[in-house]
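Below: one structure, written as structure tokens.
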Amino acid sequence: MRHLISLKEQSKEDISTILDLAAKIKAKRSAGELTNYLPNQTMIMLFQKSSTRTRLSFETGMTELGGHSIFLDKKTTQFSLTDASDEIQAVMRFGHILMMRAQEVADVEQAASFDRIPVIDACSEKYHPCQAIGDLLTMAEHSNGIENVKKIVWLGIENNVSNTLKLACAKLGIKMVLATPKVHEVSVDEELNKMCDETGLVTKTLDLEEALKNADYVHTDTWMDMEFFEGGKIKPEYEEEYKKRNELFKPYQLNAELIDKYCPEAKIMHCMPCHVGYEISRDAIDHKNSVIYDQAENRMHAQKGIIMWLLEKEDLVK
Ligand code: CP
């Protein structure tokens, strides 16, 4: 049975197949063709954390594939009252595919270990494979083919999103430079790092000029925790950490000045939600090179490809 957790288990060919499926299904949608390949199929979506794009893209994606999705969260289910493993095994009896936005990837891995229905990690502390595949689709579209993407840059904090993006790039032969003064400790996966290091394609530097030179795409993600804020102000208990992070990361903010100076042709990407004025500036979001809304939309198209691949129904997509 296929599962999508870290991208460690997917080959270059698997990723290419998923991208191809996504592009084909997207083209059919643009042409007004129906893509209802999954009648009577249900996706169970389990959210332990909040989401805008992930929920919307999976729900609309399943609708457009002719299937159905059911949203579950911790507050309105029995997950907080009992053993999660028992609840998961019961939940899996009702659907054909399970998507989990879990606090810890260990819960996703446990669900996958039951091997009853395909399981998707929809953003854990270590991985965000759907984001990586959506980002590849966006870059492929804006470069007229993923083979034309040669170098991308990640600015700010190294985290779950950068983990799966760098592994996807390493597998597809794309260089990725991380200009990241800090790693989010809970995201570290030594095995994944080793897989990337072995390709020689993933490198690190804190020299922004060197990092950004000849970049095709520049990505970033949040380095401020939103729990630091209340009513637009920093909570007193987080003031020290807020100052520390601002000093450390501010030079690595994705802004128009940086792009215009070092890589004026590079496209600007952010997986969203954006924390404006922190990891990204308003002038970068609104920059002529920004593709962040295409990137958001492509979560849906990419995930349709992922769903069809996980259910081993790729032959239905002609
Ligand atoms: N990028 C992303 O996963 O967005 P959400 O947290 O809104 O789902």
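To be explicit about the labels: the chains of the structure tokens are called A, B, and onward in the order shown, and within each one the residues are counted from 1, while ligands get numbers from 1 in the order they are shown.
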Do you know which residues are at most 10 Å from stretch 237-239 of chain A counting only C-alpha atoms, after dropping those on the same chain fewer than 5 positions away, and could you put them as a PyMOL selection string? chain A and resi 225+227-229+244
Generate the output file for the selected residues, all heavy atoms, as a compact mmCIF listing (two decimals), in the first residue's frame.
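Saved result, out.txt, follows:
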```txt
# COMPACT_ATOMS: atom_id res chain seq x y z
N ASP A 225 6.48 32.44 15.99
CA ASP A 225 5.32 31.64 16.39
C ASP A 225 4.15 32.59 16.67
O ASP A 225 4.33 33.59 17.39
CB ASP A 225 5.62 30.83 17.67
CG ASP A 225 6.61 29.73 17.37
OD1 ASP A 225 6.91 29.51 16.18
OD2 ASP A 225 7.09 29.11 18.33
N GLU A 227 1.75 32.22 18.53
CA GLU A 227 1.33 32.27 19.94
C GLU A 227 2.05 33.41 20.69
O GLU A 227 1.68 33.76 21.81
CB GLU A 227 1.62 30.92 20.62
CG GLU A 227 3.08 30.64 20.80
CD GLU A 227 3.37 29.17 21.07
OE1 GLU A 227 2.74 28.31 20.44
OE2 GLU A 227 4.26 28.92 21.89
N PHE A 228 3.08 34.02 20.05
CA PHE A 228 3.78 35.15 20.68
C PHE A 228 2.89 36.39 20.75
O PHE A 228 3.15 37.29 21.52
CB PHE A 228 5.03 35.55 19.86
CG PHE A 228 6.16 34.56 19.85
CD1 PHE A 228 6.08 33.34 20.51
CD2 PHE A 228 7.34 34.86 19.18
CE1 PHE A 228 7.13 32.44 20.48
CE2 PHE A 228 8.40 33.97 19.15
CZ PHE A 228 8.29 32.76 19.80
N PHE A 229 1.84 36.43 19.90
CA PHE A 229 1.07 37.67 19.73
C PHE A 229 -0.34 37.57 20.31
O PHE A 229 -0.95 36.52 20.30
CB PHE A 229 0.94 38.00 18.23
CG PHE A 229 2.26 38.15 17.53
CD1 PHE A 229 2.88 37.06 16.95
CD2 PHE A 229 2.88 39.39 17.45
CE1 PHE A 229 4.10 37.19 16.31
CE2 PHE A 229 4.11 39.53 16.80
CZ PHE A 229 4.72 38.42 16.23
N LYS A 244 15.00 38.19 20.12
CA LYS A 244 16.09 37.31 19.68
C LYS A 244 15.87 36.88 18.22
O LYS A 244 16.77 36.94 17.39
CB LYS A 244 16.14 36.07 20.57
CG LYS A 244 17.45 35.92 21.33
CD LYS A 244 17.69 34.55 21.85
CE LYS A 244 16.82 34.10 22.98
NZ LYS A 244 17.06 32.82 23.53
```
For ligand 1, list the contacting residues at 10 Å or closer, counting only C-alpha atoms and all ligand atoms, as a PyMOL selection string. chain A and resi 47+49-58+101+122-124+128-132+134+161+221+270-274+295-296+299
Include N, CA and C atoms and write out the residues we just selected as a short mmCIF file (atom, residue, chain, number, x, y, z; two decimals), in the first residue's frame.
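Contents of part_21.cif, as written:
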```cif
data_model
loop_
_atom_site.label_atom_id
_atom_site.label_comp_id
_atom_site.auth_asym_id
_atom_site.auth_seq_id
_atom_site.Cartn_x
_atom_site.Cartn_y
_atom_site.Cartn_z
N PHE A 47 -7.62 16.79 11.54
CA PHE A 47 -6.81 17.97 11.84
C PHE A 47 -6.60 18.12 13.34
N LYS A 49 -4.34 20.42 14.11
CA LYS A 49 -3.91 21.82 14.10
C LYS A 49 -4.75 22.57 13.06
N SER A 50 -4.70 23.91 13.11
CA SER A 50 -5.54 24.71 12.22
C SER A 50 -5.00 24.71 10.79
N SER A 51 -5.83 25.13 9.85
CA SER A 51 -5.44 25.14 8.44
C SER A 51 -6.42 25.98 7.63
N THR A 52 -5.92 26.64 6.61
CA THR A 52 -6.79 27.23 5.59
C THR A 52 -6.64 26.44 4.30
N ARG A 53 -5.42 26.47 3.72
CA ARG A 53 -5.18 25.88 2.40
C ARG A 53 -5.32 24.36 2.39
N THR A 54 -4.82 23.70 3.40
CA THR A 54 -4.81 22.23 3.36
C THR A 54 -6.23 21.70 3.38
N ARG A 55 -7.05 22.26 4.26
CA ARG A 55 -8.44 21.80 4.31
C ARG A 55 -9.17 22.11 3.01
N LEU A 56 -9.05 23.37 2.56
CA LEU A 56 -9.76 23.76 1.33
C LEU A 56 -9.32 22.94 0.14
N SER A 57 -8.02 22.75 0.01
CA SER A 57 -7.50 22.08 -1.20
C SER A 57 -7.86 20.60 -1.21
N PHE A 58 -7.85 19.95 -0.06
CA PHE A 58 -8.26 18.54 -0.04
C PHE A 58 -9.77 18.39 -0.23
N ARG A 101 -3.29 16.02 9.64
CA ARG A 101 -2.43 17.12 10.07
C ARG A 101 -2.21 16.90 11.56
N ALA A 122 -0.21 15.59 6.23
CA ALA A 122 -0.63 16.89 5.70
C ALA A 122 -0.04 18.03 6.52
N CYS A 123 1.18 17.85 6.95
CA CYS A 123 2.00 18.81 7.70
C CYS A 123 2.13 18.39 9.16
N SER A 124 3.25 17.77 9.43
CA SER A 124 3.60 17.43 10.81
C SER A 124 4.78 18.31 11.20
N HIS A 128 6.17 18.23 5.15
CA HIS A 128 4.97 18.77 4.50
C HIS A 128 5.04 18.37 3.02
N PRO A 129 4.90 17.07 2.73
CA PRO A 129 5.13 16.60 1.37
C PRO A 129 4.15 17.17 0.34
N CYS A 130 2.91 17.44 0.74
CA CYS A 130 1.93 17.99 -0.22
C CYS A 130 2.35 19.40 -0.64
N GLN A 131 2.92 20.14 0.32
CA GLN A 131 3.41 21.47 -0.03
C GLN A 131 4.56 21.37 -1.02
N ALA A 132 5.46 20.42 -0.78
CA ALA A 132 6.62 20.26 -1.68
C ALA A 132 6.15 19.93 -3.10
N GLY A 134 3.18 20.50 -4.43
CA GLY A 134 2.51 21.71 -4.96
C GLY A 134 3.53 22.74 -5.43
N VAL A 161 8.79 22.32 6.27
CA VAL A 161 8.50 22.63 4.87
C VAL A 161 9.79 22.56 4.04
N ASP A 221 9.40 30.75 4.85
CA ASP A 221 8.28 30.33 5.70
C ASP A 221 8.44 31.03 7.05
N HIS A 270 6.04 31.50 -1.18
CA HIS A 270 5.79 31.37 0.26
C HIS A 270 4.61 30.41 0.40
N CYS A 271 4.74 29.41 1.25
CA CYS A 271 3.67 28.41 1.34
C CYS A 271 2.41 28.95 2.01
N MET A 272 2.51 30.12 2.67
CA MET A 272 1.40 30.76 3.38
C MET A 272 0.93 29.90 4.56
N PRO A 273 0.41 30.49 5.63
CA PRO A 273 0.10 31.90 5.79
C PRO A 273 1.36 32.76 5.93
N CYS A 274 1.30 33.97 5.34
CA CYS A 274 2.43 34.91 5.41
C CYS A 274 2.33 35.73 6.69
N GLN A 295 0.86 29.29 -6.19
CA GLN A 295 1.40 28.25 -5.30
C GLN A 295 0.30 27.74 -4.37
N ALA A 296 -0.51 28.65 -3.84
CA ALA A 296 -1.61 28.23 -2.95
C ALA A 296 -2.62 27.38 -3.72
N ARG A 299 -1.85 23.68 -4.51
CA ARG A 299 -2.02 22.63 -3.50
C ARG A 299 -3.15 21.69 -3.92
#
```
Name the residues in contact with A:Leu19 at a cut-off of 10 Å, using only C-alpha atoms, excluding same-chain residues fewer than 5 positions from it; report them as a PyMOL selection string. chain A and resi 13-14+24-25+133-134+136-137+140+146+301-306+309
Expected file: the selected residues, all heavy atoms, as a CSV table (one decimal), in the first residue's frame:
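Output saved as part.csv:
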```
chain,number,residue,atom,x,y,z
A,13,GLU,N,10.8,8.8,-10.0
A,13,GLU,CA,9.8,8.5,-10.9
A,13,GLU,C,8.4,8.7,-10.3
A,13,GLU,O,7.5,9.1,-10.9
A,13,GLU,CB,9.9,7.0,-11.4
A,13,GLU,CG,11.1,6.8,-12.3
A,13,GLU,CD,12.5,6.9,-11.6
A,13,GLU,OE1,12.6,6.6,-10.4
A,13,GLU,OE2,13.4,7.4,-12.2
A,14,ASP,N,8.3,8.3,-9.0
A,14,ASP,CA,7.0,8.5,-8.3
A,14,ASP,C,6.6,10.0,-8.3
A,14,ASP,O,5.5,10.3,-8.6
A,14,ASP,CB,7.1,8.0,-6.8
A,14,ASP,CG,7.3,6.5,-6.7
A,14,ASP,OD1,6.9,5.8,-7.6
A,14,ASP,OD2,7.8,6.1,-5.7
A,24,LYS,N,-2.1,16.9,-15.7
A,24,LYS,CA,-3.2,16.5,-16.6
A,24,LYS,C,-4.5,16.8,-16.1
A,24,LYS,O,-5.4,17.2,-16.8
A,24,LYS,CB,-3.1,14.9,-16.8
A,24,LYS,CG,-2.0,14.5,-17.8
A,24,LYS,CD,-2.1,13.0,-18.0
A,24,LYS,CE,-1.0,12.5,-19.0
A,24,LYS,NZ,-0.6,11.2,-18.7
A,25,ILE,N,-4.7,16.5,-14.8
A,25,ILE,CA,-6.1,16.8,-14.2
A,25,ILE,C,-6.3,18.3,-14.2
A,25,ILE,O,-7.5,18.7,-14.4
A,25,ILE,CB,-6.1,16.2,-12.8
A,25,ILE,CG1,-5.9,14.6,-12.8
A,25,ILE,CG2,-7.5,16.5,-12.1
A,25,ILE,CD1,-5.8,14.0,-11.5
A,133,ILE,N,5.2,19.0,-3.2
A,133,ILE,CA,4.7,18.6,-4.6
A,133,ILE,C,4.0,19.8,-5.2
A,133,ILE,O,4.1,20.1,-6.4
A,133,ILE,CB,3.9,17.3,-4.5
A,133,ILE,CG1,4.9,16.2,-4.1
A,133,ILE,CG2,3.3,17.0,-5.8
A,133,ILE,CD1,4.4,14.8,-3.9
A,134,GLY,N,3.2,20.5,-4.4
A,134,GLY,CA,2.5,21.7,-5.0
A,134,GLY,C,3.5,22.7,-5.4
A,134,GLY,O,3.4,23.4,-6.5
A,136,LEU,N,6.6,22.2,-6.5
A,136,LEU,CA,7.2,21.7,-7.7
A,136,LEU,C,6.3,21.9,-8.9
A,136,LEU,O,6.8,22.4,-9.9
A,136,LEU,CB,7.5,20.2,-7.6
A,136,LEU,CG,8.6,19.7,-6.6
A,136,LEU,CD1,8.7,18.2,-6.6
A,136,LEU,CD2,10.0,20.3,-7.1
A,137,LEU,N,5.0,21.7,-8.7
A,137,LEU,CA,4.1,21.9,-9.8
A,137,LEU,C,4.1,23.4,-10.2
A,137,LEU,O,4.1,23.8,-11.4
A,137,LEU,CB,2.7,21.5,-9.4
A,137,LEU,CG,1.6,21.7,-10.4
A,137,LEU,CD1,1.8,20.7,-11.6
A,137,LEU,CD2,0.2,21.4,-9.8
A,140,ALA,N,7.4,24.2,-12.0
A,140,ALA,CA,7.3,23.6,-13.3
A,140,ALA,C,6.5,24.4,-14.3
A,140,ALA,O,6.9,24.7,-15.4
A,140,ALA,CB,6.7,22.1,-13.3
A,146,ILE,N,9.8,21.2,-15.1
A,146,ILE,CA,10.6,21.2,-13.9
A,146,ILE,C,12.1,21.0,-14.3
A,146,ILE,O,12.9,21.4,-13.5
A,146,ILE,CB,10.1,20.0,-13.0
A,146,ILE,CG1,10.6,20.3,-11.5
A,146,ILE,CG2,10.4,18.6,-13.5
A,146,ILE,CD1,10.0,21.4,-10.8
A,301,HIS,N,-4.4,21.1,-7.0
A,301,HIS,CA,-4.1,20.3,-8.2
A,301,HIS,C,-3.1,19.3,-7.9
A,301,HIS,O,-3.2,18.1,-8.4
A,301,HIS,CB,-3.6,21.3,-9.3
A,301,HIS,CG,-4.5,22.4,-9.7
A,301,HIS,ND1,-5.8,22.1,-10.1
A,301,HIS,CD2,-4.4,23.7,-9.5
A,301,HIS,CE1,-6.4,23.3,-10.3
A,301,HIS,NE2,-5.6,24.3,-9.9
A,302,ALA,N,-2.1,19.6,-7.1
A,302,ALA,CA,-1.0,18.6,-6.8
A,302,ALA,C,-1.6,17.5,-6.0
A,302,ALA,O,-1.3,16.3,-6.2
A,302,ALA,CB,0.1,19.3,-5.9
A,303,GLN,N,-2.5,17.8,-5.0
A,303,GLN,CA,-3.1,16.8,-4.2
A,303,GLN,C,-4.1,15.9,-4.9
A,303,GLN,O,-4.2,14.7,-4.6
A,303,GLN,CB,-3.8,17.5,-3.0
A,303,GLN,CG,-2.7,17.9,-2.0
A,303,GLN,CD,-3.2,19.0,-1.1
A,303,GLN,OE1,-2.3,19.7,-0.5
A,303,GLN,NE2,-4.5,19.2,-0.9
A,304,LYS,N,-4.7,16.4,-6.0
A,304,LYS,CA,-5.5,15.5,-6.9
A,304,LYS,C,-4.5,14.4,-7.4
A,304,LYS,O,-4.9,13.2,-7.5
A,304,LYS,CB,-6.1,16.2,-8.0
A,304,LYS,CG,-7.3,17.1,-7.5
A,304,LYS,CD,-7.9,17.8,-8.7
A,304,LYS,CE,-9.0,18.7,-8.4
A,304,LYS,NZ,-9.5,19.5,-9.5
A,305,GLY,N,-3.4,14.8,-7.9
A,305,GLY,CA,-2.4,13.9,-8.4
A,305,GLY,C,-1.9,12.9,-7.3
A,305,GLY,O,-1.8,11.7,-7.5
A,306,ILE,N,-1.7,13.4,-6.1
A,306,ILE,CA,-1.3,12.6,-5.0
A,306,ILE,C,-2.4,11.5,-4.7
A,306,ILE,O,-2.1,10.4,-4.5
A,306,ILE,CB,-1.0,13.5,-3.7
A,306,ILE,CG1,0.3,14.3,-4.0
A,306,ILE,CG2,-0.9,12.6,-2.5
A,306,ILE,CD1,0.5,15.4,-2.9
A,309,TRP,N,-2.6,8.8,-7.3
A,309,TRP,CA,-1.4,8.0,-7.2
A,309,TRP,C,-1.5,7.0,-6.0
A,309,TRP,O,-1.2,5.8,-6.1
A,309,TRP,CB,-0.1,8.8,-7.2
A,309,TRP,CG,1.1,8.0,-7.1
A,309,TRP,CD1,1.7,7.4,-8.2
A,309,TRP,CD2,1.9,7.7,-6.0
A,309,TRP,NE1,2.9,6.7,-7.8
A,309,TRP,CE2,3.0,6.9,-6.4
A,309,TRP,CE3,1.8,8.0,-4.6
A,309,TRP,CZ2,4.0,6.3,-5.6
A,309,TRP,CZ3,2.8,7.5,-3.8
A,309,TRP,CH2,3.8,6.7,-4.2
```
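The residue that comes closest to A:Ala179, out of A:Glu198, A:Glu191, A:Glu209, A:Glu147 and on the basis of only C-alpha atoms, is A:Glu209.
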DSSP helix (DSSP H, G or I) residues within stretch 41-223 of chain A, as number ranges by chain: A: 53-64, 84-91, 105-113, 129-142, 146-148, 160-172, 185-187, 190-199, 208-212
Export of prior selection with C-alpha atoms as a tab-separated table (two decimals), in the first residue's frame:
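And here is the file that came out, out-v8.tsv:
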```tsv
chain	number	residue	atom	x	y	z
A	53	ARG	CA	-5.18	25.88	2.40
A	54	THR	CA	-4.81	22.23	3.36
A	55	ARG	CA	-8.44	21.80	4.31
A	56	LEU	CA	-9.76	23.76	1.33
A	57	SER	CA	-7.50	22.08	-1.20
A	58	PHE	CA	-8.26	18.54	-0.04
A	59	GLU	CA	-12.00	19.16	0.29
A	60	THR	CA	-12.39	20.84	-3.08
A	61	GLY	CA	-9.97	18.36	-4.63
A	62	MET	CA	-12.05	15.37	-3.50
A	63	THR	CA	-15.27	17.06	-4.67
A	64	GLU	CA	-13.82	17.68	-8.12
A	84	ALA	CA	-5.55	7.74	19.49
A	85	SER	CA	-4.45	4.44	17.99
A	86	ASP	CA	-7.87	2.83	18.67
A	87	GLU	CA	-9.73	5.84	17.28
A	88	ILE	CA	-7.56	5.89	14.14
A	89	GLN	CA	-8.20	2.21	13.49
A	90	ALA	CA	-11.94	2.78	13.77
A	91	VAL	CA	-11.80	5.91	11.58
A	105	VAL	CA	4.56	12.55	12.68
A	106	ALA	CA	4.75	9.46	14.91
A	107	ASP	CA	0.92	9.39	14.86
A	108	VAL	CA	0.89	9.51	11.05
A	109	GLU	CA	3.50	6.76	10.85
A	110	GLN	CA	1.47	4.63	13.23
A	111	ALA	CA	-1.67	5.10	11.11
A	112	ALA	CA	0.32	4.12	8.00
A	113	SER	CA	1.71	1.06	9.79
A	129	PRO	CA	5.13	16.60	1.37
A	130	CYS	CA	1.93	17.99	-0.22
A	131	GLN	CA	3.41	21.47	-0.03
A	132	ALA	CA	6.62	20.26	-1.68
A	133	ILE	CA	4.74	18.63	-4.55
A	134	GLY	CA	2.51	21.71	-4.96
A	135	ASP	CA	5.64	23.88	-5.04
A	136	LEU	CA	7.24	21.67	-7.69
A	137	LEU	CA	4.08	21.95	-9.79
A	138	THR	CA	4.16	25.74	-9.48
A	139	MET	CA	7.85	25.94	-10.40
A	140	ALA	CA	7.33	23.55	-13.32
A	141	GLU	CA	4.53	25.77	-14.66
A	142	HIS	CA	6.49	29.01	-14.31
A	146	ILE	CA	10.58	21.15	-13.92
A	147	GLU	CA	13.76	20.25	-15.84
A	148	ASN	CA	14.28	24.00	-16.42
A	160	ASN	CA	9.33	20.85	8.13
A	161	VAL	CA	8.50	22.63	4.87
A	162	SER	CA	12.14	23.07	3.83
A	163	ASN	CA	12.83	19.41	4.73
A	164	THR	CA	10.43	17.94	2.19
A	165	LEU	CA	11.18	20.62	-0.42
A	166	LYS	CA	14.93	19.98	-0.25
A	167	LEU	CA	14.44	16.22	-0.48
A	168	ALA	CA	12.09	16.62	-3.46
A	169	CYS	CA	14.62	18.92	-5.17
A	170	ALA	CA	17.51	16.56	-4.42
A	171	LYS	CA	15.56	13.67	-5.96
A	172	LEU	CA	14.73	15.70	-9.07
A	185	GLU	CA	14.94	21.56	16.34
A	186	VAL	CA	11.78	19.41	16.25
A	187	SER	CA	11.97	19.22	12.46
A	190	GLU	CA	19.09	13.00	10.18
A	191	GLU	CA	18.23	10.32	7.66
A	192	LEU	CA	16.54	12.85	5.36
A	193	ASN	CA	19.51	15.23	5.75
A	194	LYS	CA	21.91	12.42	4.81
A	195	MET	CA	19.86	11.58	1.70
A	196	CYS	CA	20.06	15.23	0.63
A	197	ASP	CA	23.76	15.63	1.49
A	198	GLU	CA	24.67	12.55	-0.54
A	199	THR	CA	23.37	14.18	-3.74
A	208	LEU	CA	23.05	36.16	0.81
A	209	GLU	CA	24.78	37.29	-2.39
A	210	GLU	CA	26.25	33.84	-2.89
A	211	ALA	CA	22.97	32.12	-1.99
A	212	LEU	CA	20.76	34.21	-4.28
```
Just list as a ChimeraX atom specification whatever in stretch 50-235 of chain A DSSP marks as strand (DSSP E or B). /A:68-73,97-101,119-121,151-158,175-183,202-204,217-220,229-230,233-234
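Take the candidates A:His219, A:Arg116, A:Lys213, A:His96 and check each one against A:Ala284 using only C-alpha atoms; the shortest distance goes to A:His219.
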Have a look at A:Phe94, A:Tyr262, A:Trp223, A:Lys318 and name the one nearest to A:Gly277; count only C-alpha atoms.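 Distance minimum relative to A:Gly277 lands on A:Trp223.
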Take atom CA of A:Thr220 and atom CA of A:Glu9 and report the distance between them in Å, one decimal.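 The value is 24.8 Å.
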Find the residues around A:Lys250 up to 9 Å (only C-alpha atoms counted), leave out those fewer than 4 positions away in its own chain, and share them as a list in words.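 Listing them by chain and then by number gives Gly156, Arg245, Asn246, Tyr278 and Glu279 of chain A.
Of the residues listed (A:Thr35, A:Gln10, A:Gln253, A:Ser16), A:Ser16 shows the shortest atom-to-atom separation from A:Gly145; distances use only C-alpha atoms.
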Spatial neighbours of A:Met308, 10 Å, only C-alpha atoms, chain gap at least 2 places, as a VMD selection string: chain A and resid 18 21 to 22 25 37 to 38 65 303 to 306 310 to 317
Suppose you want the space between atom CA of A:Leu7 and atom CA of A:Asp189; what is it in Å? 12.1 Å
Record the distance separating atom CA of A:Gly231 and atom CA of A:Ala102, expressed in Å with one decimal.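 One can read the atom CA of A:Gly231 to atom CA of A:Ala102 distance as 26.9 Å.
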Please provide as a ChimeraX atom specification all residues within 10 Å of A:Asp286, with the sequence filter that same-chain residues fewer than 5 positions apart are discarded (counting only C-alpha atoms). /A:256,268,281,291-292
Name all residues at most 7 Å from stretch 71-83 of chain A (count only C-alpha atoms; drop same-chain ones fewer than 6 positions away) and give them as a ChimeraX atom specification. /A:44-48
Since we have the selection now, will you write its residues out, keeping N, CA, C and O atoms, as an mmCIF file, in the first residue's frame?
```cif
data_model
loop_
_atom_site.group_PDB
_atom_site.id
_atom_site.type_symbol
_atom_site.label_atom_id
_atom_site.label_comp_id
_atom_site.auth_asym_id
_atom_site.auth_seq_id
_atom_site.Cartn_x
_atom_site.Cartn_y
_atom_site.Cartn_z
ATOM 1 N N ILE A 44 -10.972 10.820 4.695
ATOM 2 C CA ILE A 44 -11.137 11.302 6.081
ATOM 3 C C ILE A 44 -9.999 12.292 6.323
ATOM 4 O O ILE A 44 -8.831 11.973 6.086
ATOM 5 N N MET A 45 -10.348 13.475 6.805
ATOM 6 C CA MET A 45 -9.343 14.510 7.062
ATOM 7 C C MET A 45 -9.307 14.775 8.570
ATOM 8 O O MET A 45 -10.272 15.285 9.138
ATOM 9 N N LEU A 46 -8.186 14.437 9.173
ATOM 10 C CA LEU A 46 -8.059 14.594 10.627
ATOM 11 C C LEU A 46 -7.099 15.737 10.935
ATOM 12 O O LEU A 46 -5.916 15.666 10.603
ATOM 13 N N PHE A 47 -7.625 16.785 11.539
ATOM 14 C CA PHE A 47 -6.813 17.969 11.836
ATOM 15 C C PHE A 47 -6.600 18.124 13.340
ATOM 16 O O PHE A 47 -7.539 18.366 14.078
ATOM 17 N N GLN A 48 -5.347 18.004 13.759
ATOM 18 C CA GLN A 48 -5.011 18.318 15.154
ATOM 19 C C GLN A 48 -4.538 19.772 15.279
ATOM 20 O O GLN A 48 -4.299 20.264 16.361
#
```
